[in-house]
Amino acid sequence: MTTMVALHSTEAGAAVGGCRMKAYEQITDAVTDVLRLSKAMTLKCAAAGIPHGGGKSVIVVDRPLTPELRRQVLLDHADLINEFDGAYRAGPDVGTGPDDMLVLRELTPHAYCLPEEHGGTGSSSGPTARGVLAALKAASRHVFGTDDLTSRKVVISGFGSVGELIARSLRADVVVSDVDESRRTDEFGWVPPDLAYRTKADVLIPAAVGGVLSQETVEHLDVRLIVGPANNQLTDDSVAGLLEERGIVWVPDHVASAGGVIYTLAREDDGADHETALKRVDGIEATVGKLLARSSAAG
Ligand SMILES: NC(=O)c1ccc[n+]([C@@H]2O[C@H](COP(=O)([O-])OP(=O)(O)OC[C@H]3O[C@@H](n4cnc5c(N)ncnc54)[C@H](O)[C@@H]3O)[C@@H](O)[C@H]2O)c1
């Protein structure tokens, strides 16, 4: 198996980013992913005012993973992280969790977000969802003139750990969508995944995977606002122009999805308590308010 680390920037401090463990069709797809994700982490830290740069790591899964193989590849990855001498610090990402960070810690001090019983902050899904809700509040005021979404329809694409927390926190007409049919529940409306980006609604929340907003999908969108946690939602920067032409407000994912990293580093690096760390996450609301006002003013 191949493991890789990308450092996009260490200008503001050590690069932080998640360790993604997944299968790719081609190794070059993994390289593209790790490079794009590391850049997104630089933007995420900058927008959140965190004194870190952006990095990312990828473990390419190319065979069935037994628990022993998983452990071995994580230990190999820890070796690789050590080669960066502290310039890169890894947290969990798609395919990994706090328990995997504990395995990395056996060989490297440069892993964060450990399980709570080991002194870490555990899963970052809660703070990430909270950050998206903060972003949604400011963006709703900008688009609808109110953050009351009671009479609005919200489509959430990706009913995973973050998507579910957002769905449960919203007071709105919530419709969810997931490729995993077993996630379907009677509690919320349901739309098949291929229709999630064509459904008429007020708000769309991308909470599954990146690369979902392309020239093609944007043409079929029937929403006024997009804000969600999925990293790298645009296939390329030109899609932002198309969204603007269509009158759709999009909150950049590197701003909306920063709750997890803001919370974790506040707790684990700065020693902030739970409430103080959550307050920092809530700061995303002010950031999004300022960003959208500035973007409107500048056209
Ligand atoms: N968890 C965090 O703290 C965090 C932080 C920042 C960004 N993110 C990003 O937010 C997104 C959601 O994170 P999560 O932790 O909830 O992940 P998750 O793996 O728990 O949930 C993702 C869900 O999306 C579904 N899915 C996958 N492909 C899909 C598709 N094409 N259409 C519809 N559904 C699809 C999966 O079945 C799964 O239920 C990811 O893109 C992740 O990178 C998460």
# chains A, B, ... in the order shown; residues from 1 in each chain; ligands from 1
>>> residues_around(residues="region 269-274 of chain A", least_positions_apart="6", cutoff="10 Å", atoms="only C-alpha atoms", output="PyMOL selection string")
chain A and resi 112+121+263+280
>>> closest_atom_pairs(of="chain A", to="ligand 1", cutoff="7 Å", atoms="only C-alpha atoms and all ligand atoms", output="JSON lines")
{"residue": "A:Asp93", "atom": "CA", "partner": "ligand 1", "partner_atom_place_in_ligand_line": "43 (O)", "distance": 6.2}
{"residue": "A:Val94", "atom": "CA", "partner": "ligand 1", "partner_atom_place_in_ligand_line": "43 (O)", "distance": 5.6}
{"residue": "A:Ser123", "atom": "CA", "partner": "ligand 1", "partner_atom_place_in_ligand_line": "3 (O)", "distance": 6.8}
{"residue": "A:Ser124", "atom": "CA", "partner": "ligand 1", "partner_atom_place_in_ligand_line": "3 (O)", "distance": 4.1}
{"residue": "A:Ser125", "atom": "CA", "partner": "ligand 1", "partner_atom_place_in_ligand_line": "3 (O)", "distance": 3.9}
{"residue": "A:Thr128", "atom": "CA", "partner": "ligand 1", "partner_atom_place_in_ligand_line": "3 (O)", "distance": 4.9}
{"residue": "A:Ser157", "atom": "CA", "partner": "ligand 1", "partner_atom_place_in_ligand_line": "33 (C)", "distance": 5.2}
{"residue": "A:Gly158", "atom": "CA", "partner": "ligand 1", "partner_atom_place_in_ligand_line": "24 (O)", "distance": 3.7}
{"residue": "A:Phe159", "atom": "CA", "partner": "ligand 1", "partner_atom_place_in_ligand_line": "39 (O)", "distance": 4.8}
{"residue": "A:Gly160", "atom": "CA", "partner": "ligand 1", "partner_atom_place_in_ligand_line": "21 (O)", "distance": 3.2}
{"residue": "A:Ser161", "atom": "CA", "partner": "ligand 1", "partner_atom_place_in_ligand_line": "16 (O)", "distance": 3.8}
{"residue": "A:Val162", "atom": "CA", "partner": "ligand 1", "partner_atom_place_in_ligand_line": "16 (O)", "distance": 3.7}
{"residue": "A:Gly163", "atom": "CA", "partner": "ligand 1", "partner_atom_place_in_ligand_line": "16 (O)", "distance": 5.4}
{"residue": "A:Ser177", "atom": "CA", "partner": "ligand 1", "partner_atom_place_in_ligand_line": "33 (C)", "distance": 5.8}
{"residue": "A:Asp178", "atom": "CA", "partner": "ligand 1", "partner_atom_place_in_ligand_line": "34 (N)", "distance": 3.5}
{"residue": "A:Val179", "atom": "CA", "partner": "ligand 1", "partner_atom_place_in_ligand_line": "34 (N)", "distance": 4.4}
{"residue": "A:Asp180", "atom": "CA", "partner": "ligand 1", "partner_atom_place_in_ligand_line": "37 (O)", "distance": 4.6}
{"residue": "A:Arg183", "atom": "CA", "partner": "ligand 1", "partner_atom_place_in_ligand_line": "39 (O)", "distance": 6.8}
{"residue": "A:Pro193", "atom": "CA", "partner": "ligand 1", "partner_atom_place_in_ligand_line": "32 (N)", "distance": 5.0}
{"residue": "A:Ala207", "atom": "CA", "partner": "ligand 1", "partner_atom_place_in_ligand_line": "11 (C)", "distance": 4.5}
{"residue": "A:Ala208", "atom": "CA", "partner": "ligand 1", "partner_atom_place_in_ligand_line": "24 (O)", "distance": 3.7}
{"residue": "A:Val209", "atom": "CA", "partner": "ligand 1", "partner_atom_place_in_ligand_line": "41 (O)", "distance": 4.1}
{"residue": "A:Gly210", "atom": "CA", "partner": "ligand 1", "partner_atom_place_in_ligand_line": "41 (O)", "distance": 5.9}
{"residue": "A:Pro229", "atom": "CA", "partner": "ligand 1", "partner_atom_place_in_ligand_line": "10 (O)", "distance": 4.2}
{"residue": "A:Ala230", "atom": "CA", "partner": "ligand 1", "partner_atom_place_in_ligand_line": "41 (O)", "distance": 3.5}
{"residue": "A:Asn231", "atom": "CA", "partner": "ligand 1", "partner_atom_place_in_ligand_line": "41 (O)", "distance": 5.2}
{"residue": "A:Ser257", "atom": "CA", "partner": "ligand 1", "partner_atom_place_in_ligand_line": "6 (C)", "distance": 4.8}
{"residue": "A:Ala258", "atom": "CA", "partner": "ligand 1", "partner_atom_place_in_ligand_line": "6 (C)", "distance": 6.2}
{"residue": "A:Gly260", "atom": "CA", "partner": "ligand 1", "partner_atom_place_in_ligand_line": "3 (O)", "distance": 4.8}
>>> select_by_dssp(residues="region 19-196 of chain A", states="strand (DSSP E or B)", output="ChimeraX atom specification")
/A:19-22,53-60,88-92,111,153-157,173-177,189-190
>>> residues_around(residues="Ala48 (chain A)", least_positions_apart="5", cutoff="9 Å", atoms="only C-alpha atoms", output="ChimeraX atom specification")
/A:43,254-255,258-259,262,280-281,283-284,287
>>> write_last_selection(atoms="C-alpha atoms", output="PDB file, in the first residue's frame")
ATOM      1  CA  LEU A  43      -7.164  28.211   3.266  1.00  0.00           C
ATOM      2  CA  HIS A 254     -12.862  25.867   3.738  1.00  0.00           C
ATOM      3  CA  VAL A 255     -14.740  28.472   5.804  1.00  0.00           C
ATOM      4  CA  ALA A 258     -13.478  24.588   9.876  1.00  0.00           C
ATOM      5  CA  GLY A 259     -15.340  23.862  13.132  1.00  0.00           C
ATOM      6  CA  ILE A 262     -10.804  25.052  15.260  1.00  0.00           C
ATOM      7  CA  ARG A 280     -14.226  29.938  18.695  1.00  0.00           C
ATOM      8  CA  VAL A 281     -16.190  27.610  16.408  1.00  0.00           C
ATOM      9  CA  GLY A 283     -16.871  32.698  15.299  1.00  0.00           C
ATOM     10  CA  ILE A 284     -17.473  31.158  11.852  1.00  0.00           C
ATOM     11  CA  THR A 287     -16.490  35.353   9.422  1.00  0.00           C
TER      12      THR A 287
END
>>> closest_atom_pairs(of="region 62-109 of chain A", to="region 5-26 of chain A", cutoff="10 Å", atoms="only C-alpha atoms", output="tab-separated table")
residue	atom	partner	partner_atom	distance
A:Asp62	CA	A:Ala23	CA	6.0
A:Arg63	CA	A:Ala23	CA	8.5
A:Pro64	CA	A:Ala23	CA	10.0
A:Arg70	CA	A:Met21	CA	9.7
A:Leu74	CA	A:Met21	CA	9.6
A:His77	CA	A:Val5	CA	8.8
A:Leu80	CA	A:Val5	CA	7.7
A:Ile81	CA	A:Val5	CA	7.3
A:Phe84	CA	A:Val5	CA	9.1
A:Asp85	CA	A:Ala14	CA	9.9
A:Gly86	CA	A:Ala14	CA	6.8
A:Ala87	CA	A:Ala14	CA	4.7
A:Tyr88	CA	A:Ala15	CA	4.7
A:Arg89	CA	A:Val16	CA	4.9
A:Ala90	CA	A:Gly18	CA	5.3
A:Gly91	CA	A:Gly18	CA	4.5
A:Pro92	CA	A:Gly18	CA	4.9
A:Asp93	CA	A:Gly18	CA	4.6
A:Val94	CA	A:Arg20	CA	5.1
A:Gly95	CA	A:Met21	CA	4.7
A:Thr96	CA	A:Met21	CA	6.2
A:Gly97	CA	A:Cys19	CA	9.0
A:Asp100	CA	A:Cys19	CA	9.4
A:Met101	CA	A:Cys19	CA	8.9
>>> residues_around(residues="Arg130 (chain A)", least_positions_apart="2", cutoff="8 Å", atoms="only C-alpha atoms", output="tab-separated table (two decimals) with all heavy atoms, in the first residue's frame")
chain	number	residue	atom	x	y	z
A	126	GLY	N	-19.05	16.73	15.78
A	126	GLY	CA	-19.93	17.67	16.48
A	126	GLY	C	-19.53	19.12	16.24
A	126	GLY	O	-20.34	19.92	15.77
A	127	PRO	N	-18.26	19.48	16.53
A	127	PRO	CA	-17.84	20.86	16.25
A	127	PRO	C	-17.92	21.22	14.76
A	127	PRO	O	-18.20	22.36	14.42
A	127	PRO	CB	-16.39	20.89	16.73
A	127	PRO	CG	-16.28	19.78	17.71
A	127	PRO	CD	-17.25	18.73	17.29
A	128	THR	N	-17.68	20.24	13.89
A	128	THR	CA	-17.78	20.56	12.45
A	128	THR	C	-19.22	20.91	12.10
A	128	THR	O	-19.49	21.91	11.41
A	128	THR	CB	-17.29	19.36	11.59
A	128	THR	OG1	-15.93	19.11	11.89
A	128	THR	CG2	-17.43	19.65	10.10
A	132	VAL	N	-20.83	24.48	10.66
A	132	VAL	CA	-21.67	24.61	9.46
A	132	VAL	C	-22.97	25.36	9.82
A	132	VAL	O	-23.43	26.22	9.07
A	132	VAL	CB	-22.01	23.23	8.85
A	132	VAL	CG1	-23.00	23.35	7.71
A	132	VAL	CG2	-20.74	22.53	8.36
A	133	LEU	N	-23.52	25.05	10.98
A	133	LEU	CA	-24.76	25.72	11.41
A	133	LEU	C	-24.51	27.21	11.65
A	133	LEU	O	-25.35	28.05	11.33
A	133	LEU	CB	-25.31	25.05	12.68
A	133	LEU	CG	-25.86	23.63	12.45
A	133	LEU	CD1	-26.02	22.88	13.78
A	133	LEU	CD2	-27.18	23.66	11.69
A	134	ALA	N	-23.32	27.54	12.16
A	134	ALA	CA	-22.96	28.95	12.36
A	134	ALA	C	-22.87	29.65	11.01
A	134	ALA	O	-23.37	30.77	10.83
A	134	ALA	CB	-21.65	29.05	13.13
A	166	ILE	N	-26.33	17.80	11.60
A	166	ILE	CA	-26.92	19.04	11.05
A	166	ILE	C	-28.44	18.85	10.91
A	166	ILE	O	-29.23	19.69	11.32
A	166	ILE	CB	-26.28	19.40	9.69
A	166	ILE	CG1	-24.81	19.76	9.88
A	166	ILE	CG2	-27.03	20.55	9.02
A	166	ILE	CD1	-24.03	19.93	8.59
A	259	GLY	N	-15.00	24.05	11.71
A	259	GLY	CA	-15.34	23.86	13.13
A	259	GLY	C	-14.52	22.79	13.83
A	259	GLY	O	-14.07	22.97	14.97
A	281	VAL	N	-15.49	28.21	17.57
A	281	VAL	CA	-16.19	27.61	16.41
A	281	VAL	C	-17.33	28.54	15.97
A	281	VAL	O	-17.53	28.79	14.77
A	281	VAL	CB	-16.75	26.21	16.77
A	281	VAL	CG1	-17.60	25.66	15.63
A	281	VAL	CG2	-15.60	25.24	17.09
A	282	ASP	N	-18.05	29.07	16.94
A	282	ASP	CA	-19.18	29.96	16.62
A	282	ASP	C	-18.72	31.22	15.89
A	282	ASP	O	-19.52	31.90	15.24
A	282	ASP	CB	-19.94	30.34	17.90
A	282	ASP	CG	-20.65	29.12	18.50
A	282	ASP	OD1	-20.84	28.12	17.77
A	282	ASP	OD2	-21.01	29.17	19.70
